[in-house]
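Below is one structure, written out as structure tokens, with a few remarks after it.
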Amino acid sequence: MNRREFLTLSAAVTGMALMPKRLLAEEMKIANKGRFPETLKPEMSGDVKEYRLYVDIFKQEIVPGFAFHTLAFNDQVPGPEIRVNEGDKVRVFFKNKTQLNHTIHWHGLYVPYRMDGVPYVTQMPVMPGQEFVYEFTAEPYGTHFYHCHWGTVLHLQAGMYGSLIVEADDDPVRKKYPYTREYTLLYSAHDVNFIRNELNVMLTRMKERTYLMKSGRFDKKRFNLFDSLEEMKEAMDEGYMPPYVNNMRAPSGLPEPNWFTVNGKSYPETPNVYIKSGENIRIRLINAGGESHSLHLHGHDFWLVCDDGLPIPQPTQMNTLHLAPGKTHDIIVEGKNRGIWTFHDHDTRRVTNNGLYPGGNLMVLVYEDLPMEERAVGMMEGMKMDASKMSMLPKIALDE
Amino acid sequence: MNRREFLTLSAAVTGMALMPKRLLAEEMKIANKGRFPETLKPEMSGDVKEYRLYVDIFKQEIVPGFAFHTLAFNDQVPGPEIRVNEGDKVRVFFKNKTQLNHTIHWHGLYVPYRMDGVPYVTQMPVMPGQEFVYEFTAEPYGTHFYHCHWGTVLHLQAGMYGSLIVEADDDPVRKKYPYTREYTLLYSAHDVNFIRNELNVMLTRMKERTYLMKSGRFDKKRFNLFDSLEEMKEAMDEGYMPPYVNNMRAPSGLPEPNWFTVNGKSYPETPNVYIKSGENIRIRLINAGGESHSLHLHGHDFWLVCDDGLPIPQPTQMNTLHLAPGKTHDIIVEGKNRGIWTFHDHDTRRVTNNGLYPGGNLMVLVYEDLPMEERAVGMMEGMKMDASKMSMLPKIALDE
Amino acid sequence: MNRREFLTLSAAVTGMALMPKRLLAEEMKIANKGRFPETLKPEMSGDVKEYRLYVDIFKQEIVPGFAFHTLAFNDQVPGPEIRVNEGDKVRVFFKNKTQLNHTIHWHGLYVPYRMDGVPYVTQMPVMPGQEFVYEFTAEPYGTHFYHCHWGTVLHLQAGMYGSLIVEADDDPVRKKYPYTREYTLLYSAHDVNFIRNELNVMLTRMKERTYLMKSGRFDKKRFNLFDSLEEMKEAMDEGYMPPYVNNMRAPSGLPEPNWFTVNGKSYPETPNVYIKSGENIRIRLINAGGESHSLHLHGHDFWLVCDDGLPIPQPTQMNTLHLAPGKTHDIIVEGKNRGIWTFHDHDTRRVTNNGLYPGGNLMVLVYEDLPMEERAVGMMEGMKMDASKMSMLPKIALDE
């Protein structure tokens, strides 16, 4: 049975995940809390908020039965949420527990140059076993994120990203749209085959390199390691070929994501967003992946209130938001249309799990005040059919 | 002769399609009317506007000689246009004439939850032979669309989409930019190989499933059909493997569109947009496909006036519009630069037909008041060359 | 050793390219001037500014050691910058020195219809050896570009694009954000395998066609050359099959870019942008390629001031800009955070060279007033580690 044969079929299974009764059960509401990033508690050192982050290899289960080894902050994908106030002094101790190099880039923050986390530009990479201390003042206000900036194609998509929220006492968004709850959603896209292969090759290679260096047989040209661009050009004059010269690259040379996550999980394990009639909620959307997402909310137009954290002077409304890689957007949803409403990428390839629909970043906005009678069997009411005949695919049976 | 050999060559053929004389001929203007969606006529039932939609398998010819079986509303791709006034009561009888499940989602409308068309969330799927009745009040104002929300990766790209326009007596766009004509353009992107394979597999599979169910040998695990996520997890404890676990997916597992259409047709069969000097026209752009389009109009900057149907308080001008999946945008073009102007995706891969340029979503804005002397031979005037020597590729001949 | 083995390794080499000492050296600043398009000098003919452009095959070296044959204006990729004042009369003599057809489209300008450069629509293609004269008045104000509009999938990505800047005496951007320097950046994405194959096939094919025409054996059907769409349809009635009908297209049928350039070069040869504390600079971003770029600047929010050249009435700030194909955007960066800051696509696949990270459109914003003590060894200061032990990967060595 090939993968195509499951396409419609799998819809039937996992569709059940969104039945109202299940979504509104107390157990689900409790479980759902675990689907948002945990806020990391700081320790105060004088007037400085101190945080501890480490990176290690971590086994991430995206949906029931599908897991892979990845790189994660504090054994979580996404990493824990750092939530500070504008102007706070922040210190982050970052420990590298892996055999690979890493750094942390504070995406969207005005950190001092040396704290920006770009290897060889603002700092040396944080090598295996080392610790680096990042220090900065939290600004500007808004929804930001942090992520590894070493070997970013792999490290970022593998899971090294987390939200960083800078709050303000006089929050301009809360002022304009008084809201009672907020949610952080980090989007990503993963080519799991790529991640697996790259991690394996890197770890093997690091060991070989170390062995050669210890035995004095390390060859710069073989490893493409030079002290400067000039040195590389000299080597080229002597016949060295940089690896990018080879143009026999397979089409699979660049990652082609086959898993699409929100807060590290794919549907049906994606987080639910709860709301009540008359309530405003704020959703912080962060695109930590390499694909654009075109996020459509059913039954509502929402307000787009922040762009990369910065409040938009004159917010506008829409039902579909284009979230490009590296962008953050805050939206306000007004509880005006009671029900259960899906929120998902309208590039429907991203609502699949390894090619199977439904999956990916499909999630739901759930009204908690949905009356009992609309939660269970009620869903059949609008359908003009004889319920007594409702077996599976009755019409097909009749046709044969 | 392989496909590459045709690349420049095909340009020559199909380029002829846009010669001014042809575009401005009366027969073309009449034929062109058939290139926009037909407005569906309602029947009044009291104060309710009633519409009838059905879905059936339909053979769609995208360009001369290239057709495939697809899923369509009322035997049209796109489906017929539904055009109502804000506040209208609407009832849509939807009949499923196929062997597959379907629903209708009213994209951008504030419909009641049960009318939203998401299977297993807001309603049971509309199964083969069944009918479902959708009822809602038409709001908000603007350019919206409807589409199937079952197995969306296939059903939406296959052709199950149509425009839904909500008009207002006191139209804010018309007030600001008095316009005399308007055009609806629905964009999509199709992986025709994917569509063919999926349709075949699904239909075969549905039959097998039905047979097994009738003979009492239906196996939930084999078909990945469970009543709840919990039941699936229990099956997994017993050794069941969900299909998405297999990571041997080929790169072709997700659709890679090779045909790009406007109103269901590719160039040279795409619709023409006519304008006159001094006239304003309104174009309603709907992205019903899964790819972003970056639409460039030659010789003009246009006004972007609506976002997902909602009027933009302070419209801005541009010549290239990014239309993400699921978005609608309304633009106003002012007739200020007489001529014939192409309007197309600037990702030039989308102005191809199955890899051959030109094709795809290439279309033209045509000034009807183009004077006679500019229509035919005039096009050579600006060229500094000896017309008597103008044969095909004279220079190459001389070179050999 | 396969390509994957180099992924982290190559980071080490080329990372060196951005060491502060190197970036701030005088030789680098001089070399960097050659990384921006050269402004083409006009000759005055009465009140008309006359420019001369030609297209020829050109060998473009994107990074050290990687070159390919491409199509270029005046032997430059990008072509030279044309910089005029609003209202200037412009005449461009365009000479075709290749064996292929070409035209020039003036993207974003209100040129007369016959000067728009769309083959068979506004003019005949400029055939091998021929010259065409474009004449227009420069309007509107802003950042625009020109590019070939023949066989665009190949010709545009191959290198036939250049910036066209229309200045205004009373520059609205300069008024609002007095700036002292400005930079033009043209982005593109190239499938070099595609370019090589297409160029080879086309040149071979052109020769064959010419031979057949000369010997009177040219067959319209074989070459897919008809005088009208109607003629093609008649041929189809007789059994002719247009090439796009074949659906056996390989997934590689459309270009899949593996090189990502800024001003025709990939990292580490991309241009540097220099700034001083307290200075405003203007950056003109032009997307001449077929991919969207999501450009993230570290350590700053910048002002988005123009859209397709047109000043935005109420500019907003962001740190990541989505630059869709065919768009131009002007941004203002305020020199408020001294350091060296990367500026790159956050779809990290585009910061690779032929699959190897880092590369592609990675570039840097460099503060010229970075004090001496921060330029060289200073980069180690923030790192809490024993410098005496700092050899390559010490921890791995200890582990084994």
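Simple scheme: letters A, B, ... for chains in structure tokens order, numbers from 1 for residues in each chain, numbers from 1 for ligands in the order shown.
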
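Here the residues within range 23-92 of chain B that DSSP labels alpha helix (DSSP H) on the basis of the backbone are Leu23, Glu26, Glu27, Met28, Lys29, Ile30, Ala31, Asn32 and Lys33 of chain B.
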
Selected residues written out with C-alpha atoms, as a PDB file, in the first residue's frame:
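Writing the result to part21.pdb gives the following:
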ATOM      1  CA  LEU B  23      -6.657  41.351 -29.250  1.00  0.00           C
ATOM      2  CA  GLU B  26     -14.619  41.983 -32.074  1.00  0.00           C
ATOM      3  CA  GLU B  27     -14.585  38.167 -32.098  1.00  0.00           C
ATOM      4  CA  MET B  28     -11.887  38.190 -29.441  1.00  0.00           C
ATOM      5  CA  LYS B  29     -13.861  40.541 -27.240  1.00  0.00           C
ATOM      6  CA  ILE B  30     -16.847  38.241 -27.457  1.00  0.00           C
ATOM      7  CA  ALA B  31     -14.765  35.109 -26.825  1.00  0.00           C
ATOM      8  CA  ASN B  32     -13.103  36.844 -23.913  1.00  0.00           C
ATOM      9  CA  LYS B  33     -16.384  37.107 -22.009  1.00  0.00           C
TER      10      LYS B  33
END

### Task
Could you give me, as number ranges by chain, each residue of range 61-298 of chain B that DSSP assigns to strand (DSSP E or B) when run on this structure's backbone?
B: 61-63, 66-73, 76, 81-85, 89-96, 102, 105-107, 119, 123, 126, 131-137, 142-147, 161-167, 181-190, 259-262, 265, 273-275, 280-287, 293-297

### Message
Neighbouring residues of Ile286 in chain B were defined as those with any atom within 10 Å, considering only C-alpha atoms; residues of the same chain fewer than 3 positions away were excluded. Please report them as a list of chain:residue names.
### Response
B:Thr143, B:His144, B:Phe145, B:Gly162, B:Ser163, B:Thr184, B:Leu185, B:Leu186, B:Tyr187, B:Ser188, B:Val262, B:Asn263, B:Ile283, B:Gly289, B:Asp308, B:Gly309, B:Leu323, B:Ala324, B:Pro325, B:Gly326, B:Lys327, B:Thr328, B:His329, B:Asp330

### Task
Work out how far CA of Asp301 in chain C is from CA of Leu297 in chain A, in Å to one decimal.
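We find that CA of Leu297 in chain A and CA of Asp301 in chain C lie 28.5 Å from each other.
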
### Task
Identify, on the basis of only C-alpha atoms, every residue whose closest approach to range 106-120 of chain C does not exceed 6 Å; exclude the query and any residue fewer than 2 positions from it along the same chain; express the result as a list in words.
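So the residues in contact are Gly15, Gly299 and Gly339 of chain B; Thr103, Ile104, Thr122, Gln123, Met124, Pro125, Tyr134, Phe136, Glu139, His144, Phe145, Tyr146 and His149 of chain C.
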
### Query
Pick the closest to chain A from C:Val305, C:Ile165, C:Leu254, C:Val92: which is it, counting only C-alpha atoms?
C:Leu254

#### Entry: Atomic separation - CA of Pro255 in chain B relative to CA of Lys207 in chain B, Å
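Value for the CA of Lys207 in chain B-CA of Pro255 in chain B distance: 24.5 Å.
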
### Task
Rank B:Ala158, B:Leu356, B:Val133, B:Leu295 by their smallest atom-to-atom distance to chain A, using only C-alpha atoms, and report the top residue only.
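Residue with the minimum atom-to-atom distance to chain A: B:Val133.
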
Taking 5 positions as the minimum chain separation for residues in the same chain, which residues sit within 7 Å of Asp345 in chain C when counting only C-alpha atoms? Answer as a PDB file with N, CA and C atoms, in the first residue's frame.
ATOM      1  N   HIS C 293      12.780  36.868  -1.191  1.00  0.00           N
ATOM      2  CA  HIS C 293      13.816  36.917  -0.162  1.00  0.00           C
ATOM      3  C   HIS C 293      13.262  37.613   1.075  1.00  0.00           C
ATOM      4  N   SER C 294      13.606  37.073   2.235  1.00  0.00           N
ATOM      5  CA  SER C 294      13.135  37.633   3.495  1.00  0.00           C
ATOM      6  C   SER C 294      14.379  38.153   4.204  1.00  0.00           C
ATOM      7  N   LEU C 295      14.645  39.454   4.002  1.00  0.00           N
ATOM      8  CA  LEU C 295      15.953  40.023   4.341  1.00  0.00           C
ATOM      9  C   LEU C 295      15.966  40.580   5.758  1.00  0.00           C
ATOM     10  N   HIS C 296      16.822  40.012   6.575  1.00  0.00           N
ATOM     11  CA  HIS C 296      16.892  40.367   7.993  1.00  0.00           C
ATOM     12  C   HIS C 296      18.182  41.115   8.295  1.00  0.00           C
ATOM     13  N   ARG C 350      18.998  30.216   1.144  1.00  0.00           N
ATOM     14  CA  ARG C 350      19.540  31.228   0.225  1.00  0.00           C
ATOM     15  C   ARG C 350      20.828  31.859   0.744  1.00  0.00           C
ATOM     16  N   VAL C 351      21.324  31.373   1.863  1.00  0.00           N
ATOM     17  CA  VAL C 351      22.671  31.789   2.283  1.00  0.00           C
ATOM     18  C   VAL C 351      23.604  30.586   2.124  1.00  0.00           C
ATOM     19  N   ASN C 361      23.328  35.154  -0.411  1.00  0.00           N
ATOM     20  CA  ASN C 361      23.179  36.604  -0.285  1.00  0.00           C
ATOM     21  C   ASN C 361      23.558  37.158   1.097  1.00  0.00           C
TER      22      ASN C 361
END
